[in-house]
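Engineer: Take this structure, written in structure tokens, and hold onto it; I'll ask about it next.
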Amino acid sequence: MFLDGDTDPTPPEGLVIVGRFESPVEAQIAKGMLESAGVECFLVGENANNLLAAAFRVRLQVRVEDEAAARALLIQPNGGDPAENPGQA
């Protein structure tokens with residue numbers, strides 16, 4: 001169990017983390033926004049977060065080639081920055 005600062009396991013090759021969320025609902029909203037823009041993405045840790053939210057964050061991953069577009073979409077004024085943690089990868 002990751003309790004020391006919610007350390008992240010290494011993402012699978014070809015994927016990068018573009019956001020971390022305390023709430024699975026916020027993660028799903030961000031995922032839906034990216035998917036509606038045509039960016040394929042994946043949520044990691046959603047079930048663990050439901051069990052013990054204080055210890056786990058839901059991580060939003062995209063393909064390396066989609067990273068810049070995903071980050072631009074996530075920080076749009078209308079969408080805000082759902083991954084407010086300054087340590088986002």
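Letters for chains follow the order of the structure tokens (A, B, ...), residue numbers begin at 1 for each chain, and ligand numbers begin at 1 in the order shown.
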Do a neighbour search on Val16 in chain A at 9 Å with only C-alpha atoms, toss out local chain neighbours closer than 2 positions, and write the hits as JSON, numbers by chain.
Structural biologist: {"A": [11, 12, 13, 14, 18, 60, 61, 62, 63, 64, 67, 89]}
Engineer: Between CA of Asp66 in chain A and CA of Glu26 in chain A, what is the spacing in Å?
Structural biologist: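 Distance between the two atoms: 20.1 Å.
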Engineer: Rounded to one decimal place, report the CA of Leu15 in chain A-CA of Gln76 in chain A distance in Å.
Structural biologist: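 Separation of CA of Leu15 in chain A and CA of Gln76 in chain A: 21.8 Å.
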